[in-house]
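> Just one file: input-v1.cif, with mmCIF, C-alpha atoms.
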```
data_data
loop_
_atom_site.label_atom_id
_atom_site.label_comp_id
_atom_site.auth_asym_id
_atom_site.auth_seq_id
_atom_site.Cartn_x
_atom_site.Cartn_y
_atom_site.Cartn_z
CA MET A 1456 -29.51 8.59 11.13
CA ASN A 1457 -32.38 9.02 8.65
CA ALA A 1458 -34.03 12.16 7.29
CA ASP A 1459 -36.78 12.05 9.88
CA THR A 1460 -34.40 12.09 12.83
CA ALA A 1461 -31.63 14.31 11.47
CA PRO A 1462 -31.62 17.81 13.00
CA THR A 1463 -32.71 20.58 10.64
CA THR A 1464 -29.52 22.54 11.36
CA ALA A 1465 -27.58 19.69 9.74
CA ALA A 1466 -29.66 19.63 6.58
CA LYS A 1467 -27.41 18.91 3.64
CA PRO A 1468 -27.16 21.93 1.28
CA ARG A 1469 -26.66 21.39 -2.44
CA ASP A 1470 -25.84 23.61 -5.38
CA ALA A 1471 -27.87 23.85 -8.59
CA ALA A 1472 -26.16 20.73 -9.94
CA GLY A 1473 -26.99 18.73 -6.82
CA ARG A 1474 -23.44 18.81 -5.44
CA PRO A 1475 -22.39 20.08 -2.01
CA PRO A 1476 -21.23 23.70 -2.48
CA VAL A 1477 -17.50 24.04 -1.85
CA ARG A 1478 -15.47 27.17 -1.13
CA ALA A 1479 -11.79 27.93 -0.66
CA ALA A 1480 -10.71 28.11 2.97
CA THR A 1481 -9.24 31.29 4.42
CA PRO A 1482 -7.06 31.85 7.48
CA THR A 1483 -10.24 32.33 9.54
CA ASP A 1484 -11.11 28.67 8.84
CA ALA A 1485 -7.89 27.42 10.40
CA GLU A 1486 -9.35 26.63 13.82
CA ALA A 1487 -12.34 24.75 12.39
CA ILE A 1488 -10.02 22.70 10.18
CA ILE A 1489 -7.81 21.86 13.15
CA ARG A 1490 -10.85 20.82 15.19
CA MET A 1491 -12.04 18.58 12.34
CA ARG A 1492 -8.59 16.99 12.30
CA SER A 1493 -8.62 16.60 16.06
CA GLU A 1494 -12.05 14.96 16.19
CA TYR A 1495 -12.14 12.85 13.03
CA ILE A 1496 -8.54 12.16 11.96
CA LEU A 1497 -6.25 11.82 14.97
CA SER A 1498 -6.34 8.76 17.21
CA ALA A 1499 -6.67 11.03 20.27
CA PRO A 1500 -8.21 14.53 20.36
CA LEU A 1501 -5.94 17.54 20.73
CA THR A 1502 -5.89 19.53 23.94
CA GLU A 1503 -7.02 23.15 23.73
CA ASP A 1504 -3.38 24.25 23.95
CA TRP A 1505 -2.56 22.12 20.92
CA VAL A 1506 -5.64 23.36 19.05
CA ARG A 1507 -4.46 26.93 19.58
CA ARG A 1508 -0.87 26.09 18.63
CA CYS A 1509 -1.89 24.25 15.42
CA THR A 1510 -4.35 27.02 14.50
CA GLU A 1511 -1.66 29.67 14.84
CA GLU A 1512 0.62 27.61 12.60
CA LEU A 1513 -1.98 26.84 9.92
CA ALA A 1514 -3.64 30.26 9.57
CA PRO A 1515 -0.73 32.07 7.85
CA ARG A 1516 -0.10 29.05 5.64
CA LEU A 1517 -3.64 29.40 4.21
CA THR A 1518 -2.75 32.73 2.61
CA PRO A 1519 -1.75 32.99 -1.09
CA GLU A 1520 1.87 33.30 0.03
CA GLY A 1521 1.63 30.19 2.21
CA ASP A 1522 2.03 26.53 1.31
CA ALA A 1523 -1.40 25.27 2.45
CA ARG A 1524 -4.61 25.09 0.39
CA ALA A 1525 -7.93 23.91 1.74
CA PHE A 1526 -11.50 23.63 0.51
CA VAL A 1527 -14.52 23.27 2.75
CA ALA A 1528 -18.24 22.59 2.58
CA ASP A 1529 -20.39 24.39 5.12
CA ALA A 1530 -23.49 23.11 6.88
CA ARG A 1531 -26.52 25.39 7.18
CA ASP A 1532 -25.89 25.88 10.88
CA GLY A 1533 -22.53 27.49 10.07
CA THR A 1534 -20.39 24.53 11.11
CA MET A 1535 -17.90 22.90 8.79
CA ALA A 1536 -19.44 19.82 7.17
CA ALA A 1537 -16.28 18.64 5.38
CA CYS A 1538 -12.82 19.86 4.50
CA ALA A 1539 -9.76 18.82 2.51
CA LEU A 1540 -6.30 20.23 3.21
CA GLY A 1541 -3.24 19.99 0.98
CA LEU A 1542 0.35 21.11 1.59
CA ILE A 1543 2.48 22.19 -1.38
CA HIS A 1544 6.20 21.48 -1.60
CA PRO A 1545 8.84 21.79 -4.35
CA VAL A 1546 10.24 19.03 -6.57
CA LEU A 1547 12.76 19.16 -9.41
CA ALA A 1548 11.25 20.92 -12.42
CA ALA A 1549 10.77 19.37 -15.87
CA PRO A 1550 9.35 20.63 -19.20
CA ALA A 1551 5.83 19.39 -18.44
CA TYR A 1552 5.80 21.14 -15.04
CA PRO A 1553 8.23 24.07 -15.11
CA ARG A 1554 7.26 25.30 -11.64
CA GLY A 1555 8.23 21.97 -10.09
CA ARG A 1556 5.50 21.64 -7.49
CA ALA A 1557 4.08 18.65 -5.59
CA ALA A 1558 1.44 18.38 -2.89
CA ARG A 1559 0.47 16.05 -0.08
CA VAL A 1560 -3.21 15.70 0.74
CA GLN A 1561 -2.76 16.13 4.47
CA MET A 1562 -6.33 15.47 5.59
CA VAL A 1563 -9.90 14.94 4.40
CA ALA A 1564 -12.52 15.02 7.14
CA THR A 1565 -16.32 14.89 7.14
CA GLN A 1566 -18.80 15.19 9.99
CA PRO A 1567 -20.52 11.79 10.47
CA VAL A 1568 -23.98 13.15 9.58
CA PHE A 1569 -22.68 14.23 6.16
CA ARG A 1570 -20.82 11.02 5.28
CA ARG A 1571 -21.75 8.96 2.22
CA CYS A 1572 -23.41 12.04 0.73
CA GLY A 1573 -20.64 13.15 -1.63
CA TYR A 1574 -19.06 15.74 0.66
CA ALA A 1575 -15.61 14.13 0.88
CA ARG A 1576 -15.52 13.61 -2.87
CA ALA A 1577 -16.59 17.23 -3.46
CA VAL A 1578 -13.95 18.87 -1.26
CA VAL A 1579 -11.05 16.63 -2.27
CA SER A 1580 -11.92 16.84 -5.99
CA THR A 1581 -12.02 20.62 -5.80
CA LEU A 1582 -8.71 20.66 -3.92
CA LEU A 1583 -7.02 18.45 -6.52
CA GLU A 1584 -8.41 20.49 -9.43
CA HIS A 1585 -7.23 23.74 -7.84
CA LEU A 1586 -3.78 22.40 -7.07
CA ALA A 1587 -3.36 21.03 -10.60
CA ASP A 1588 -4.95 23.85 -12.62
CA VAL A 1589 -4.08 26.93 -10.56
CA GLU A 1590 -1.00 25.97 -8.56
CA ASP A 1591 0.70 23.87 -11.29
CA VAL A 1592 1.05 20.93 -8.91
CA THR A 1593 1.93 17.73 -10.78
CA LEU A 1594 2.76 15.06 -8.21
CA PHE A 1595 0.18 14.24 -5.51
CA GLU A 1596 0.49 11.85 -2.58
CA LEU A 1597 -1.56 10.89 0.45
CA HIS A 1598 -2.07 8.38 3.24
CA THR A 1599 -5.57 7.05 3.78
CA SER A 1600 -7.57 4.26 5.36
CA PRO A 1601 -8.28 1.02 3.45
CA GLU A 1602 -11.98 1.96 3.43
CA ALA A 1603 -11.35 5.28 1.68
CA ALA A 1604 -8.75 4.00 -0.79
CA SER A 1605 -11.37 3.21 -3.45
CA LEU A 1606 -12.39 6.90 -3.64
CA TYR A 1607 -8.82 7.99 -4.31
CA ARG A 1608 -8.34 5.29 -6.93
CA GLU A 1609 -11.40 6.67 -8.72
CA LEU A 1610 -9.76 10.09 -8.62
CA GLY A 1611 -6.59 8.74 -10.26
CA PHE A 1612 -4.36 7.68 -7.36
CA SER A 1613 -2.53 4.35 -7.31
CA GLY A 1614 -0.66 2.40 -4.69
CA ASN A 1615 -1.81 1.17 -1.30
CA PRO A 1616 -3.39 3.12 1.56
CA ALA A 1617 -0.04 3.64 3.31
CA LEU A 1618 1.14 5.73 0.35
CA MET A 1619 -0.96 6.55 -2.72
CA ARG A 1620 0.37 8.72 -5.57
CA MET A 1621 -0.93 10.41 -8.69
CA THR A 1622 0.73 12.43 -11.44
CA ARG A 1623 -1.16 15.10 -13.38
CA HIS A 1624 0.54 16.98 -16.20
CA ARG A 1625 -0.36 20.57 -16.86
CA GLN A 1626 -2.09 21.45 -20.12
CA PHE A 1627 -0.21 23.85 -22.37
CA ALA A 1628 -1.85 26.90 -23.95
CA GLY A 1629 -3.97 25.86 -26.92
CA ALA A 1630 -4.17 22.21 -25.85
CA VAL A 1631 -7.50 20.49 -26.43
CA PRO A 1632 -9.14 19.55 -23.11
CA GLY A 1633 -8.98 15.85 -22.42
CA THR A 1634 -6.01 15.22 -24.73
CA GLN A 1635 -2.56 14.11 -23.65
CA PRO A 1636 -0.02 16.84 -22.79
CA GLU A 1637 2.82 17.52 -25.19
CA SER A 1638 5.17 15.59 -22.94
CA THR A 1639 4.44 12.78 -20.51
CA TRP A 1640 8.07 12.40 -19.46
CA VAL A 1641 8.81 12.53 -15.74
CA PRO A 1642 12.15 12.18 -13.98
CA PRO A 1643 13.03 8.49 -13.41
CA GLN A 1644 13.08 8.77 -9.63
CA GLN A 1645 9.72 10.55 -9.59
CA TYR A 1646 8.22 7.86 -11.82
CA ALA A 1647 9.68 5.15 -9.58
CA ASP A 1648 8.26 6.86 -6.50
CA SER A 1649 4.79 6.88 -8.09
CA LEU A 1650 4.72 3.10 -8.52
CA PRO A 1651 3.00 0.88 -5.93
CA ARG A 1652 5.37 -0.83 -3.52
CA ALA A 1653 5.95 -4.60 -3.68
CA ALA A 1654 8.38 -7.05 -2.11
CA ALA A 1655 9.76 -10.01 -4.10
CA TYR A 1656 10.54 -13.40 -2.54
CA VAL A 1657 11.87 -16.73 -3.78
CA CYS A 1658 11.20 -20.21 -2.43
CA LEU A 1659 12.65 -23.64 -3.16
CA TYR A 1660 10.30 -26.64 -2.99
CA VAL A 1661 12.21 -29.73 -1.88
CA THR A 1662 10.96 -33.23 -1.02
CA ASP A 1663 12.45 -36.54 -0.01
CA GLU A 1664 12.52 -39.46 -2.43
CA ASP A 1665 8.94 -40.35 -1.45
CA ASP A 1666 7.72 -36.85 -2.46
CA ARG A 1667 7.15 -35.77 1.13
CA PRO A 1668 7.69 -31.97 1.37
CA LEU A 1669 10.60 -30.60 3.36
CA GLN A 1670 9.76 -27.66 5.64
CA LEU A 1671 11.97 -25.58 7.93
CA HIS A 1672 10.80 -24.49 11.38
CA SER A 1673 11.20 -20.76 12.00
CA VAL A 1674 12.58 -19.42 15.27
CA TYR A 1675 11.28 -15.87 14.67
CA SER A 1676 7.94 -16.10 12.85
CA PRO A 1677 5.12 -17.64 14.91
CA GLY A 1678 2.66 -16.62 12.19
CA HIS A 1679 4.51 -18.81 9.66
CA PRO A 1680 6.04 -21.60 11.80
CA TRP A 1681 6.90 -23.91 8.88
CA HIS A 1682 7.93 -22.83 5.43
CA MET A 1683 10.01 -23.66 2.38
CA ILE A 1684 13.64 -22.72 1.88
CA GLY A 1685 13.75 -19.11 0.68
CA GLY A 1686 13.52 -15.43 1.51
CA ALA A 1687 13.44 -11.89 0.15
CA MET A 1688 15.40 -10.96 -2.95
CA ASP A 1689 18.14 -8.38 -2.60
CA LEU A 1690 18.02 -5.21 -4.67
CA GLY A 1691 19.13 -6.02 -8.24
CA GLU A 1692 19.37 -9.76 -7.55
CA ARG A 1693 18.03 -12.22 -10.13
CA PRO A 1694 15.43 -14.69 -8.79
CA TRP A 1695 17.48 -17.86 -9.32
CA ASP A 1696 20.58 -16.23 -7.86
CA ALA A 1697 18.48 -15.41 -4.79
CA VAL A 1698 17.41 -19.07 -4.57
CA VAL A 1699 21.02 -20.26 -4.65
CA ARG A 1700 22.01 -17.73 -1.98
CA GLU A 1701 19.06 -18.47 0.34
CA CYS A 1702 19.53 -22.23 -0.01
CA ARG A 1703 23.20 -21.98 0.88
CA GLU A 1704 22.55 -19.64 3.82
CA GLU A 1705 19.65 -21.63 5.28
CA THR A 1706 20.73 -25.24 4.69
CA GLY A 1707 24.36 -25.27 3.54
CA MET A 1708 23.16 -26.99 0.36
CA THR A 1709 23.86 -25.83 -3.19
CA ALA A 1710 20.77 -25.51 -5.37
CA VAL A 1711 21.36 -27.08 -8.78
CA GLY A 1712 19.62 -25.79 -11.91
CA PRO A 1713 18.38 -25.41 -14.48
CA PRO A 1714 15.69 -23.29 -12.79
CA ARG A 1715 12.19 -24.73 -13.00
CA LEU A 1716 9.40 -22.43 -11.84
CA LEU A 1717 6.56 -24.22 -10.06
CA ALA A 1718 4.37 -21.37 -8.84
CA THR A 1719 3.80 -17.64 -8.68
CA VAL A 1720 2.17 -16.48 -5.43
CA TYR A 1721 0.76 -12.97 -5.03
CA GLY A 1722 -0.29 -11.29 -1.79
CA GLN A 1723 -2.29 -8.09 -1.49
CA PRO A 1724 -1.33 -5.31 0.93
CA ARG A 1725 -2.64 -5.66 4.48
CA ALA A 1726 -2.76 -3.33 7.46
CA GLN A 1727 0.32 -4.94 9.04
CA ARG A 1728 2.18 -5.00 5.70
CA PRO A 1729 1.33 -2.02 3.46
CA TYR A 1730 2.76 -3.43 0.24
CA SER A 1731 2.14 -6.31 -2.18
CA THR A 1732 4.23 -9.49 -2.14
CA LEU A 1733 5.28 -11.66 -5.07
CA GLN A 1734 6.77 -15.10 -4.48
CA LEU A 1735 8.45 -17.23 -7.14
CA VAL A 1736 8.60 -20.90 -6.12
CA PHE A 1737 11.20 -23.09 -7.84
CA ASP A 1738 11.62 -26.87 -7.87
CA GLY A 1739 14.54 -27.99 -5.71
CA GLY A 1740 14.22 -31.67 -6.56
CA ARG A 1741 14.25 -34.77 -4.36
CA LEU A 1742 16.85 -35.36 -1.65
CA THR A 1743 18.14 -38.67 -0.37
CA ASP A 1744 18.07 -39.48 3.33
CA ALA A 1745 21.82 -38.83 3.47
CA GLN A 1746 21.38 -35.41 1.88
CA LEU A 1747 18.60 -34.53 4.32
CA ARG A 1748 20.76 -35.53 7.27
CA SER A 1749 23.59 -33.35 5.97
CA LEU A 1750 21.54 -30.13 5.97
CA THR A 1751 23.12 -27.46 8.17
CA LEU A 1752 20.57 -24.98 9.48
CA ASP A 1753 21.28 -21.39 10.42
CA ALA A 1754 20.28 -21.33 14.09
CA ARG A 1755 19.34 -17.65 13.82
CA GLU A 1756 16.53 -18.60 11.44
CA HIS A 1757 15.56 -22.26 11.84
CA ASP A 1758 15.82 -24.94 14.50
CA GLU A 1759 14.43 -27.99 12.67
CA ALA A 1760 14.06 -29.48 9.19
CA ARG A 1761 11.25 -31.99 8.81
CA VAL A 1762 9.68 -34.07 6.02
CA LEU A 1763 6.07 -35.23 6.26
CA PRO A 1764 3.36 -36.41 3.89
CA LEU A 1765 1.54 -33.42 2.42
CA ALA A 1766 -1.70 -34.06 4.34
CA GLU A 1767 0.07 -34.00 7.71
CA TRP A 1768 1.37 -30.47 7.13
CA GLU A 1769 -2.15 -29.01 7.15
CA ALA A 1770 -2.45 -29.20 10.95
CA LEU A 1771 0.93 -27.55 11.49
CA MET A 1772 0.57 -24.32 9.52
CA PRO A 1773 -1.94 -21.54 8.77
CA ALA A 1774 -4.49 -22.23 6.06
CA ARG A 1775 -2.87 -19.86 3.55
CA ASP A 1776 0.51 -21.54 3.99
CA PHE A 1777 -0.98 -24.97 3.39
CA LEU A 1778 -2.91 -23.77 0.33
CA ARG A 1779 0.37 -22.56 -1.14
CA LEU A 1780 2.15 -25.82 -0.30
CA ARG A 1781 -0.64 -27.89 -1.83
CA ALA A 1782 -0.66 -25.79 -5.00
CA VAL A 1783 3.11 -26.17 -5.36
CA GLU A 1784 2.92 -29.95 -4.85
CA GLU A 1785 0.23 -30.21 -7.52
CA ALA A 1786 2.28 -28.10 -9.91
CA ARG A 1787 5.22 -30.47 -9.63
CA ARG A 1788 2.96 -33.54 -9.96
CA THR A 1789 1.04 -32.27 -13.00
CA GLY A 1790 3.75 -30.23 -14.70
CA VAL A 1791 1.43 -27.19 -14.83
CA ALA A 1792 2.75 -24.11 -13.04
CA ALA A 1793 0.49 -22.82 -10.26
CA TYR A 1794 -0.82 -19.28 -9.89
CA VAL A 1795 -2.03 -18.27 -6.43
CA ASP A 1796 -3.40 -14.75 -5.84
CA THR A 1797 -5.15 -15.25 -2.51
CA TRP A 1798 -2.01 -15.21 -0.36
CA GLY A 1799 -2.97 -13.55 2.90
CA ASN A 1800 -6.70 -13.82 2.19
CA ALA A 1801 -7.23 -17.33 3.51
#
```
The structure in this file should be written as structure tokens.


Amino acid sequence: MNADTAPTTAAKPRDAAGRPPVRAATPTDAEAIIRMRSEYILSAPLTEDWVRRCTEELAPRLTPEGDARAFVADARDGTMAACALGLIHPVLAAPAYPRGRAARVQMVATQPVFRRCGYARAVVSTLLEHLADVEDVTLFELHTSPEAASLYRELGFSGNPALMRMTRHRQFAGAVPGTQPESTWVPPQQYADSLPRAAAYVCLYVTDEDDRPLQLHSVYSPGHPWHMIGGAMDLGERPWDAVVRECREETGMTAVGPPRLLATVYGQPRAQRPYSTLQLVFDGGRLTDAQLRSLTLDAREHDEARVLPLAEWEALMPARDFLRLRAVEEARRTGVAAYVDTWGNA
């Protein structure tokens, strides 16, 4: 919708600095906030009974004694153009945040006609500043869409859209604005919770004596029908120990060191898998025909072990799987470890 066709009642107000004016929400805004959530956040709109029920729950929480804080931008026709709602909850206190408070950004919603005009940024920035400066909130978290994640990263959040976190330390009296607080220490578990999630995997690249790659056929993963020996690392497990365990479990074979790393493969978070992946691919050497025939597969995971020339694997697996396999083969052939950071993008 352009300026010529937009209704005058939806004209976008601005303050003297050119920003959408933002105000703190009161209990009387509860219904409008719930309707914004119903229309623009939820996958299916709320019924009127649910609108009433949610309004009655939210209104008292928007008081100073409650645990909800919201900031809104109004359109000139009196409707709510955008809003951001946060819910405060306690965490263990520490010297840098003696009140021990955290907050979840529960929702940020903008009417379509006001999108890409700075309204979402204005309301959520004001909410975060209020929570940090007035409410002594230190730890922030939220769930968002992949499209909106870049905005929150600009505001200081890290992680993936499924769970983004940010820590802000309160300034002590007399501190110079913009300088570091006297203490940046946070409890170990809180720091760990603020880190982006990632899953670590190990793989073992094995060929026959003619350098034809060995691949195992999965009985449970149609998206990755053929793959190398390997799997996810257990908590606290060293990578090579994980290789030895996975090799024994999947083939009955004992992997023999010393460990030789062939490739590091990184995968970005995706909608179906909201965390990063990191794969370490080790060289498992060349097996004789007798050794290949002696492999004992775990029927719960694989139903076939096959060796083929590298080129013939391309037709049997997704493009990203073949790109990884080709990079690993080249790493062994050239002696130069491979780095692949497009896993899941092909």

> Within 10 Å of Gly1712 in chain A, counting all atoms listed in the file, which residues show up once you throw out same-chain ones fewer than 5 positions away? Write them as a ChimeraX atom specification, please.

/A:1695,1699,1737-1740

> Return as a list in words the set of residues that the PyMOL selection byres ((chain A and resi 1788-1797) around 6) yields on the displayed structure.

Leu1717, Ala1718, Thr1719, Val1720, Tyr1721, Glu1785, Ala1786, Arg1787, Trp1798 and Asn1800 of chain A

> Given all atoms listed in the file as the basis, pick out the residue of A:Pro1476, A:Pro1651, A:Gly1573, A:Pro1482 nearest to Val1527 in chain A.

A:Pro1476

> Determine the residue membership of the PyMOL selection byres ((chain A and resi 1772-1774) around 8) for the file above and supply it as a list in words.

Gly1678, His1679, Pro1680, Trp1681, Trp1768, Glu1769, Ala1770, Leu1771, Arg1775, Asp1776, Phe1777, Leu1778 and Ala1801 of chain A

> Between A:Cys1509, A:Met1708, A:Val1568, A:Leu1671, which residue has the minimum interatomic distance to Glu1756 in chain A, considering only C-alpha atoms?

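Among the listed residues, the smallest separation from Glu1756 in chain A belongs to A:Leu1671.
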
> Could you tell me how far CA of Glu1494 in chain A lies from CA of Ala1539 in chain A, in Å and to one decimal?

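So the answer is 14.4 Å.
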
> Quick one: distance from CA of Ala1587 in chain A to CA of Arg1559 in chain A in Å, one decimal?

12.3 Å

> Of the candidates A:Leu1669, A:Val1674, A:Ala1617, A:Glu1784, which shows the shortest atom-to-atom distance to Gln1727 in chain A, using all atoms listed in the file?

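Smallest distance to Gln1727 in chain A is found for A:Ala1617.
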
> Pick out the residues sitting within 7 Å of Thr1599 in chain A, and hand them over as a ChimeraX atom specification; count all atoms listed in the file, and ignore anything fewer than 4 positions along from it in its own chain.

/A:1603-1604,1616-1617

> Could you pull the residues within 10 Å of range 1608-1613 of chain A, counting all atoms listed in the file, minus those fewer than 3 positions along the same chain, as an MDAnalysis selection string?

chainID A and resid 1576 1579:1580 1583 1595:1597 1603:1605 1616 1618:1623 1649:1651

> Could you tell me, as a list of chain:residue names, which residues have any atom at most 8 Å from (4.0, 26.1, -8.3), counting only C-alpha atoms?

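The residues that fall inside the cut-off are A:Pro1545, A:Arg1554, A:Gly1555, A:Arg1556, A:Ala1557, A:Glu1590, A:Asp1591, A:Val1592.
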
> Okay, now the selection with C-alpha atoms, as an mmCIF file, keeping the file's coordinate frame?


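To be explicit, this is the file written out as out19.cif:
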```cif
data_model
loop_
_atom_site.group_PDB
_atom_site.id
_atom_site.type_symbol
_atom_site.label_atom_id
_atom_site.label_comp_id
_atom_site.auth_asym_id
_atom_site.auth_seq_id
_atom_site.Cartn_x
_atom_site.Cartn_y
_atom_site.Cartn_z
ATOM 1 C CA PRO A 1545 8.840 21.790 -4.350
ATOM 2 C CA ARG A 1554 7.260 25.300 -11.640
ATOM 3 C CA GLY A 1555 8.230 21.970 -10.090
ATOM 4 C CA ARG A 1556 5.500 21.640 -7.490
ATOM 5 C CA ALA A 1557 4.080 18.650 -5.590
ATOM 6 C CA GLU A 1590 -1.000 25.970 -8.560
ATOM 7 C CA ASP A 1591 0.700 23.870 -11.290
ATOM 8 C CA VAL A 1592 1.050 20.930 -8.910
#
```

> So, with all atoms listed in the file as the atoms that count, which of A:Asp1744, A:Glu1704, A:Glu1511, A:Asp1696 lies closest to Glu1664 in chain A?

A:Asp1744

> With distances taken over all atoms listed in the file, which residue among A:Ala1558, A:Ala1760, A:Cys1658, A:Ile1496 lies nearest Ser1600 in chain A?

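Looking at the shortest contact to Ser1600 in chain A, the residue is A:Ile1496.
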
> Evaluate the PyMOL selection byres ((chain A and resi 1575) around 9) on the structure here and hand back the selected residues as a PyMOL selection string.

chain A and resi 1537-1539+1563-1565+1569-1574+1576-1580

> Quote the spacing between CA of Leu1752 in chain A and CA of Ser1676 in chain A in Å to one decimal place.

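It comes out at 15.8 Å.
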
> Rank A:Arg1667, A:Arg1761, A:Arg1490, A:His1672 by their smallest atom-to-atom distance to Arg1781 in chain A, using only C-alpha atoms, and report the top residue only.

A:Arg1667

> Box in all listed atoms of range 1589-1593 of chain A, axis-aligned, with 8 Å more on each side; write out centre and edge lengths in Å to one decimal as AutoDock Vina command-line options.


```
--center_x -1.1 --center_y 22.3 --center_z -9.9 --size_x 22.0 --size_y 25.2 --size_z 18.7
```
